[in-house]
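Reproduced below: coords_14.txt, with compact mmCIF, C-alpha atoms.
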```
# COMPACT_ATOMS: atom_id res chain seq x y z
CA MET E 140 -9.55 -34.76 16.61
CA HIS E 141 -7.73 -37.94 15.61
CA ARG E 142 -9.53 -40.06 12.99
CA SER E 143 -9.60 -43.07 15.33
CA PHE E 144 -11.81 -41.13 17.74
CA ALA E 145 -14.22 -40.22 14.93
CA LEU E 146 -14.39 -43.83 13.79
CA LEU E 147 -14.94 -45.01 17.37
CA ALA E 148 -17.82 -42.58 17.79
CA THR E 149 -19.47 -43.62 14.55
CA VAL E 150 -19.28 -47.31 15.40
CA LEU E 151 -20.40 -47.00 19.01
CA VAL E 152 -23.26 -44.59 18.39
CA ALA E 153 -24.55 -46.81 15.60
CA ALA E 154 -24.25 -49.90 17.78
CA THR E 155 -25.94 -48.44 20.84
CA GLY E 156 -28.66 -46.24 19.45
CA ALA E 157 -26.89 -43.12 20.74
CA ARG E 158 -26.53 -44.68 24.16
CA ALA E 159 -30.01 -44.92 25.63
CA GLN E 160 -29.66 -43.68 29.19
CA ASP E 161 -33.13 -43.82 30.72
CA TRP E 162 -31.57 -44.55 34.11
CA ALA E 163 -29.58 -41.31 33.95
CA LYS E 164 -32.61 -39.29 32.89
CA ALA E 165 -34.64 -40.81 35.73
CA ARG E 166 -32.03 -39.58 38.19
CA LEU E 167 -32.22 -36.08 36.75
CA ASP E 168 -36.01 -36.08 36.86
CA ALA E 169 -35.88 -36.98 40.56
CA SER E 170 -33.20 -34.44 41.49
CA PRO E 171 -34.24 -31.88 44.14
CA ARG E 172 -31.53 -29.47 42.98
CA HIS E 173 -31.92 -26.47 40.69
CA LEU E 174 -31.00 -27.53 37.15
CA GLU E 175 -31.10 -25.19 34.17
CA TRP E 176 -29.95 -24.59 30.61
CA VAL E 177 -28.13 -21.36 29.75
CA LYS E 178 -26.83 -19.88 26.51
CA ILE E 179 -23.29 -18.53 26.86
CA PRO E 180 -22.18 -16.04 24.18
CA GLN E 181 -18.91 -16.86 22.42
CA GLY E 182 -18.22 -14.65 19.43
CA LYS E 183 -21.10 -15.08 17.01
CA ARG E 184 -22.06 -18.36 18.64
CA GLN E 185 -23.91 -19.39 21.77
CA VAL E 186 -22.81 -22.40 23.81
CA GLU E 187 -25.77 -24.29 25.24
CA SER E 188 -24.74 -25.34 28.74
CA PHE E 189 -26.40 -27.34 31.50
CA VAL E 190 -25.92 -26.00 35.03
CA ALA E 191 -26.54 -27.85 38.30
CA TYR E 192 -26.51 -25.91 41.57
CA PRO E 193 -25.72 -27.37 45.00
CA GLU E 194 -27.93 -26.79 47.99
CA VAL E 195 -25.34 -25.05 50.17
CA SER E 196 -25.16 -21.82 52.15
CA ASP E 197 -21.68 -20.74 51.06
CA LYS E 198 -20.28 -19.89 47.64
CA ALA E 199 -19.02 -23.00 45.86
CA THR E 200 -16.21 -24.07 43.56
CA ALA E 201 -17.35 -24.73 39.98
CA VAL E 202 -16.61 -27.80 37.88
CA VAL E 203 -16.73 -27.60 34.08
CA VAL E 204 -17.71 -31.04 32.74
CA ILE E 205 -16.56 -31.84 29.19
CA HIS E 206 -18.69 -34.49 27.53
CA GLU E 207 -17.64 -37.74 25.90
CA ILE E 208 -17.30 -38.30 22.17
CA PHE E 209 -21.07 -38.95 22.18
CA GLY E 210 -21.74 -35.25 22.82
CA MET E 211 -24.20 -34.00 25.41
CA THR E 212 -26.09 -36.92 26.95
CA ASP E 213 -28.33 -37.55 29.94
CA TRP E 214 -25.39 -39.25 31.65
CA VAL E 215 -23.20 -36.14 31.31
CA ARG E 216 -25.99 -34.07 32.82
CA SER E 217 -26.40 -36.61 35.62
CA VAL E 218 -22.68 -36.28 36.42
CA ALA E 219 -23.24 -32.55 36.78
CA ASP E 220 -26.14 -33.22 39.13
CA GLN E 221 -24.05 -35.63 41.21
CA LEU E 222 -21.33 -33.00 41.53
CA ALA E 223 -23.96 -30.53 42.69
CA GLU E 224 -25.15 -33.09 45.22
CA ALA E 225 -21.55 -33.16 46.51
CA GLY E 226 -21.56 -29.38 46.97
CA TYR E 227 -20.18 -28.01 43.69
CA ILE E 228 -21.63 -25.87 40.93
CA ALA E 229 -21.36 -28.00 37.80
CA ILE E 230 -21.66 -26.77 34.24
CA ALA E 231 -21.63 -29.03 31.19
CA PRO E 232 -21.32 -27.23 27.85
CA ASP E 233 -22.55 -28.82 24.64
CA LEU E 234 -19.49 -28.20 22.48
CA LEU E 235 -21.57 -29.20 19.45
CA SER E 236 -23.85 -26.19 19.95
CA GLY E 237 -24.73 -24.75 16.56
CA GLN E 238 -23.13 -27.60 14.61
CA ALA E 239 -26.40 -29.25 13.58
CA PRO E 240 -28.66 -28.00 10.79
CA ASN E 241 -30.72 -24.99 11.87
CA GLY E 242 -28.32 -24.28 14.73
CA GLY E 243 -28.97 -27.36 16.86
CA GLY E 244 -26.45 -29.34 18.87
CA SER E 245 -25.83 -32.89 20.09
CA ALA E 246 -29.50 -33.87 20.31
CA GLU E 247 -30.22 -32.82 16.73
CA LEU E 248 -27.09 -34.44 15.28
CA GLY E 249 -28.01 -37.98 16.37
CA SER E 250 -25.69 -40.50 14.72
CA GLY E 251 -23.76 -37.61 13.15
CA VAL E 252 -22.23 -36.64 16.49
CA GLY E 253 -18.91 -38.41 15.82
CA LYS E 254 -18.39 -36.75 12.45
CA ALA E 255 -19.31 -33.35 13.89
CA ILE E 256 -16.91 -33.70 16.82
CA SER E 257 -14.09 -34.70 14.45
CA ALA E 258 -14.66 -31.45 12.56
CA LEU E 259 -14.56 -29.11 15.58
CA PRO E 260 -11.70 -26.61 15.26
CA PRO E 261 -9.42 -26.81 18.33
CA ASP E 262 -9.44 -23.02 18.65
CA GLN E 263 -13.24 -23.03 18.78
CA ILE E 264 -13.22 -25.68 21.50
CA THR E 265 -10.79 -23.60 23.54
CA ALA E 266 -12.79 -20.41 23.01
CA ASP E 267 -16.03 -22.15 24.01
CA LEU E 268 -14.45 -23.53 27.18
CA ASN E 269 -12.89 -20.17 28.02
CA ALA E 270 -16.32 -18.56 27.72
CA VAL E 271 -17.86 -21.21 29.97
CA VAL E 272 -15.11 -20.81 32.60
CA ASP E 273 -15.55 -17.05 32.57
CA TYR E 274 -19.33 -17.36 32.86
CA VAL E 275 -19.39 -19.80 35.75
CA ALA E 276 -16.59 -18.04 37.67
CA LYS E 277 -18.69 -14.87 37.75
CA LEU E 278 -21.90 -16.47 38.99
CA PRO E 279 -22.94 -14.97 42.35
CA ALA E 280 -23.02 -18.48 43.86
CA CYS E 281 -19.44 -19.26 42.74
CA ASN E 282 -16.38 -18.54 44.87
CA GLY E 283 -14.38 -17.74 41.74
CA ARG E 284 -12.51 -21.05 41.66
CA VAL E 285 -13.05 -23.25 38.60
CA VAL E 286 -11.75 -26.72 37.81
CA VAL E 287 -12.27 -28.75 34.63
CA ALA E 288 -13.03 -32.44 34.11
CA GLY E 289 -13.81 -34.55 31.07
CA PHE E 290 -14.43 -38.09 29.91
CA CYS E 291 -13.13 -40.00 26.87
CA TRP E 292 -12.83 -37.32 24.14
CA GLY E 293 -13.52 -34.84 26.90
CA GLY E 294 -10.66 -36.28 28.95
CA GLY E 295 -8.22 -35.46 26.18
CA GLN E 296 -9.76 -32.00 25.79
CA THR E 297 -9.45 -31.44 29.55
CA PHE E 298 -5.70 -32.11 29.40
CA ARG E 299 -5.35 -29.90 26.32
CA PHE E 300 -7.42 -27.09 27.86
CA ALA E 301 -5.08 -27.01 30.84
CA THR E 302 -2.37 -25.91 28.39
CA ASN E 303 -4.54 -23.01 27.20
CA ASN E 304 -6.19 -21.53 30.29
CA PRO E 305 -3.94 -20.35 33.14
CA ASP E 306 -6.82 -19.63 35.50
CA ILE E 307 -8.33 -23.09 36.10
CA LYS E 308 -7.30 -24.58 39.44
CA ALA E 309 -7.15 -28.26 38.46
CA ALA E 310 -7.77 -30.61 35.54
CA PHE E 311 -9.30 -34.09 35.94
CA ALA E 312 -8.77 -36.16 32.81
CA PHE E 313 -10.74 -39.40 32.61
CA TYR E 314 -9.31 -41.89 30.09
CA GLY E 315 -8.18 -39.28 27.59
CA PRO E 316 -4.64 -38.98 26.15
CA GLY E 317 -2.43 -36.03 27.08
CA PRO E 318 -0.63 -33.54 24.81
CA THR E 319 2.78 -34.62 23.53
CA ASN E 320 4.35 -31.21 22.93
CA VAL E 321 6.58 -30.11 25.80
CA ASP E 322 6.10 -26.46 24.87
CA ASP E 323 2.34 -26.91 25.27
CA LEU E 324 2.75 -28.64 28.62
CA ALA E 325 4.97 -25.79 29.82
CA ARG E 326 1.88 -23.54 29.74
CA ILE E 327 0.02 -25.61 32.33
CA HIS E 328 -0.51 -23.74 35.61
CA CYS E 329 -2.51 -26.31 37.57
CA PRO E 330 -2.22 -29.93 38.72
CA VAL E 331 -3.54 -32.58 36.34
CA TYR E 332 -5.09 -35.75 37.74
CA GLY E 333 -5.61 -38.75 35.49
CA PHE E 334 -8.10 -41.62 35.74
CA TYR E 335 -7.42 -44.60 33.45
CA ALA E 336 -8.70 -48.12 32.77
CA GLY E 337 -6.48 -51.18 33.00
CA ASN E 338 -8.18 -52.75 29.96
CA ASP E 339 -7.80 -49.72 27.71
CA ALA E 340 -4.33 -49.95 26.19
CA ARG E 341 -5.20 -47.48 23.40
CA VAL E 342 -5.28 -44.67 25.99
CA THR E 343 -3.56 -46.07 29.07
CA ALA E 344 -0.42 -46.95 27.10
CA THR E 345 0.11 -43.20 26.63
CA VAL E 346 0.33 -42.55 30.39
CA PRO E 347 4.08 -43.31 30.79
CA GLU E 348 4.89 -40.72 28.12
CA SER E 349 2.64 -38.18 29.82
CA ILE E 350 4.40 -38.86 33.13
CA GLU E 351 7.78 -38.30 31.49
CA LEU E 352 6.77 -35.17 29.61
CA MET E 353 4.98 -33.58 32.56
CA ALA E 354 7.99 -34.25 34.79
CA LYS E 355 10.26 -32.71 32.17
CA ALA E 356 8.01 -29.65 32.09
CA GLY E 357 8.06 -29.47 35.90
CA LYS E 358 4.29 -29.93 36.20
CA THR E 359 2.14 -31.91 38.63
CA TYR E 360 0.56 -35.00 37.07
CA GLU E 361 -0.95 -37.75 39.19
CA PRO E 362 -2.45 -40.64 37.19
CA ALA E 363 -4.29 -43.64 38.60
CA THR E 364 -5.17 -46.82 36.73
CA TYR E 365 -8.12 -49.02 37.69
CA GLU E 366 -7.30 -52.62 36.85
CA GLY E 367 -9.96 -54.75 35.18
CA ALA E 368 -11.95 -51.70 34.06
CA GLY E 369 -12.58 -50.80 30.44
CA HIS E 370 -12.71 -47.49 28.58
CA GLY E 371 -15.72 -45.45 29.70
CA PHE E 372 -15.91 -47.10 33.12
CA MET E 373 -17.36 -44.00 34.80
CA ARG E 374 -20.50 -44.36 32.70
CA ALA E 375 -20.50 -48.15 32.32
CA GLY E 376 -19.99 -48.64 36.06
CA GLU E 377 -22.98 -46.47 36.86
CA ALA E 378 -25.41 -48.13 34.46
CA PRO E 379 -27.86 -50.76 35.77
CA PRO E 380 -26.41 -54.25 36.25
CA VAL E 381 -26.15 -56.34 33.11
CA ALA E 382 -28.98 -58.81 32.70
CA GLU E 383 -26.92 -61.18 30.58
CA ALA E 384 -26.03 -64.59 31.96
CA ASP E 385 -22.63 -64.39 30.31
CA GLN E 386 -19.95 -64.66 33.00
CA LYS E 387 -17.50 -62.46 31.09
CA ALA E 388 -20.06 -59.66 30.82
CA ARG E 389 -20.81 -59.84 34.54
CA VAL E 390 -17.12 -59.74 35.45
CA ALA E 391 -16.58 -56.71 33.20
CA TYR E 392 -19.56 -54.91 34.69
CA GLU E 393 -18.39 -55.56 38.24
CA ALA E 394 -14.88 -54.33 37.41
CA ASN E 395 -16.27 -51.16 35.86
CA LYS E 396 -18.51 -50.56 38.86
CA ARG E 397 -15.62 -50.96 41.31
CA ALA E 398 -13.49 -48.62 39.21
CA ARG E 399 -16.26 -46.05 38.97
CA ASP E 400 -16.95 -46.06 42.71
CA THR E 401 -13.25 -45.88 43.61
CA ALA E 402 -12.53 -43.15 41.05
CA TRP E 403 -15.54 -41.14 42.21
CA GLN E 404 -14.32 -41.18 45.80
CA ARG E 405 -10.84 -40.18 44.67
CA TRP E 406 -12.31 -37.34 42.63
CA LEU E 407 -14.35 -36.02 45.54
CA TYR E 408 -11.29 -36.22 47.80
CA LEU E 409 -9.21 -34.23 45.33
CA LEU E 410 -11.96 -31.67 44.72
CA LYS E 411 -11.88 -30.74 48.42
CA LYS E 412 -8.46 -29.17 47.80
CA PHE E 413 -10.03 -26.57 45.54
```

Can the structure in the file be given as structure tokens, please?
Amino acid sequence: MHRSFALLATVLVAATGARAQDWAKARLDASPRHLEWVKIPQGKRQVESFVAYPEVSDKATAVVVIHEIFGMTDWVRSVADQLAEAGYIAIAPDLLSGQAPNGGGSAELGSGVGKAISALPPDQITADLNAVVDYVAKLPACNGRVVVAGFCWGGGQTFRFATNNPDIKAAFAFYGPGPTNVDDLARIHCPVYGFYAGNDARVTATVPESIELMAKAGKTYEPATYEGAGHGFMRAGEAPPVAEADQKARVAYEANKRARDTAWQRWLYLLKKF
């Protein structure tokens, strides 16, 4: 992972107390759906993964949810639950499984999450995700179709994973940069859909290059930018309204909420294709 991502994680986790998300946990606690943790073997490791099942009569498409740079959080799990509410099997792997002392993962790493993510070998990330895709595709409740989505760090990993797994049916990259090697992009076998923030030049400025490179590789890439929103708008736009009287903070919150709601509807519309 690029050093700037590691630095960003360190700063943000320290500043937010690892992102307290009581509102997300409350949603999970109230969910009527079946939610469970599973351990997925991958070589000598086990990938702790959170699974949310829809209440449907037919077999469902599965969505692999790749977490942000903050690792596995209540919000990531709540996204899985919301996808299950929409009719999809959702599975969110903790890609930091086994990286903490005594074999723990994101929860045990605390403020060390950023450093641990920066040290993850790309091949291990790919192998973990391949194991998760294989596991969820074979669940009796799954129709065999699997798509992948991710946020922030996970958005970049979603785009990268599309270059390494020919079996996924679609990739949904939320505010994560795409690969820049045309040979890598040539290995993509599915459409890639991007979701970006207007006030996030660090990532959104890379979109024109991704458009050019994906076109050159003859691949489907459909990005959308949500003006006024900031990086992480899917989470920020779902959080409770800001209590601050500051006008700028209120405007930012409202922009993130609009972006989140619009992007969520777009995502659900696209998911129906798979």

Please tell me which residues are no farther than 7 Å from (-17.8, -30.3, 39.9) in the file, counting all atoms listed in the file, and write them as a PDB file with C-alpha atoms, in the frame of the given file.
```pdb
ATOM      1  CA  ALA E 201     -17.350 -24.730  39.980  1.00  0.00           C
ATOM      2  CA  VAL E 202     -16.610 -27.800  37.880  1.00  0.00           C
ATOM      3  CA  VAL E 203     -16.730 -27.600  34.080  1.00  0.00           C
ATOM      4  CA  ALA E 219     -23.240 -32.550  36.780  1.00  0.00           C
ATOM      5  CA  LEU E 222     -21.330 -33.000  41.530  1.00  0.00           C
ATOM      6  CA  ALA E 223     -23.960 -30.530  42.690  1.00  0.00           C
ATOM      7  CA  TYR E 227     -20.180 -28.010  43.690  1.00  0.00           C
ATOM      8  CA  ILE E 228     -21.630 -25.870  40.930  1.00  0.00           C
ATOM      9  CA  ALA E 229     -21.360 -28.000  37.800  1.00  0.00           C
TER      10      ALA E 229
END
```

*Which residues, written as number ranges by chain, have at least one atom at most 10 Å from Ile350 of chain E, with only C-alpha atoms counted and residues fewer than 3 positions away on the same chain left out?*
E: 317, 345-347, 353-356, 358-362

Residues from the last selection, C-alpha atoms, saved as a short mmCIF file (atom, residue, chain, number, x, y, z; two decimals), in the coordinates of the input:
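Output (result13.cif):
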```
data_model
loop_
_atom_site.label_atom_id
_atom_site.label_comp_id
_atom_site.auth_asym_id
_atom_site.auth_seq_id
_atom_site.Cartn_x
_atom_site.Cartn_y
_atom_site.Cartn_z
CA GLY E 317 -2.43 -36.03 27.08
CA THR E 345 0.11 -43.20 26.63
CA VAL E 346 0.33 -42.55 30.39
CA PRO E 347 4.08 -43.31 30.79
CA MET E 353 4.98 -33.58 32.56
CA ALA E 354 7.99 -34.25 34.79
CA LYS E 355 10.26 -32.71 32.17
CA ALA E 356 8.01 -29.65 32.09
CA LYS E 358 4.29 -29.93 36.20
CA THR E 359 2.14 -31.91 38.63
CA TYR E 360 0.56 -35.00 37.07
CA GLU E 361 -0.95 -37.75 39.19
CA PRO E 362 -2.45 -40.64 37.19
#
```

For Ala398 of chain E, find every residue with an atom within 8 Å (counting only C-alpha atoms), except residues of its own chain fewer than 4 positions away, and show them as a JSON list (two decimals) with C-alpha atoms, keeping the file's coordinate frame.
```json
[["chain", "number", "residue", "atom", "x", "y", "z"],
["E", 365, "TYR", "CA", -8.12, -49.02, 37.69],
["E", 366, "GLU", "CA", -7.30, -52.62, 36.85],
["E", 368, "ALA", "CA", -11.95, -51.70, 34.06],
["E", 372, "PHE", "CA", -15.91, -47.10, 33.12],
["E", 373, "MET", "CA", -17.36, -44.00, 34.80],
["E", 376, "GLY", "CA", -19.99, -48.64, 36.06],
["E", 394, "ALA", "CA", -14.88, -54.33, 37.41],
["E", 402, "ALA", "CA", -12.53, -43.15, 41.05]]
```

*Determine, counting only C-alpha atoms, which protein, DNA and RNA residues have an atom within 10 Å of an atom of segment 238-244 of chain E; residues of the same chain fewer than 3 positions away are not included. Present the result as a PyMOL selection string.*
chain E and resi 184-187+210-211+233-235+247-249+251-252+255-256+258-259

*asked:* Using Å and a single decimal, report how far atom CA of Pro330 of chain E sits from atom CA of Val287 of chain E.
replied: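 Calculated distance between atom CA of Val287 of chain E and atom CA of Pro330 of chain E is 10.9 Å.
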
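Closest approach to Glu351 of chain E among E:Glu377, E:Asn320, E:Val204, E:His370 is made by E:Asn320 (distances from all atoms listed in the file).
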
*Proximity to Ala163 of chain E - best of E:Thr364, E:Ser217, E:Gln181, E:Thr343, all atoms listed in the file*: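 Nearest candidate to Ala163 of chain E out of E:Thr364, E:Ser217, E:Gln181, E:Thr343: E:Ser217.
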
*What does the distance from atom CA of Thr297 of chain E to atom CA of Asp220 of chain E come to in Å, to one decimal?*
19.3 Å

*Between atom CA of Thr319 of chain E and atom CA of Leu352 of chain E, what is the spacing in Å?*
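Straight-line distance from atom CA of Leu352 of chain E to atom CA of Thr319 of chain E works out to 7.3 Å.
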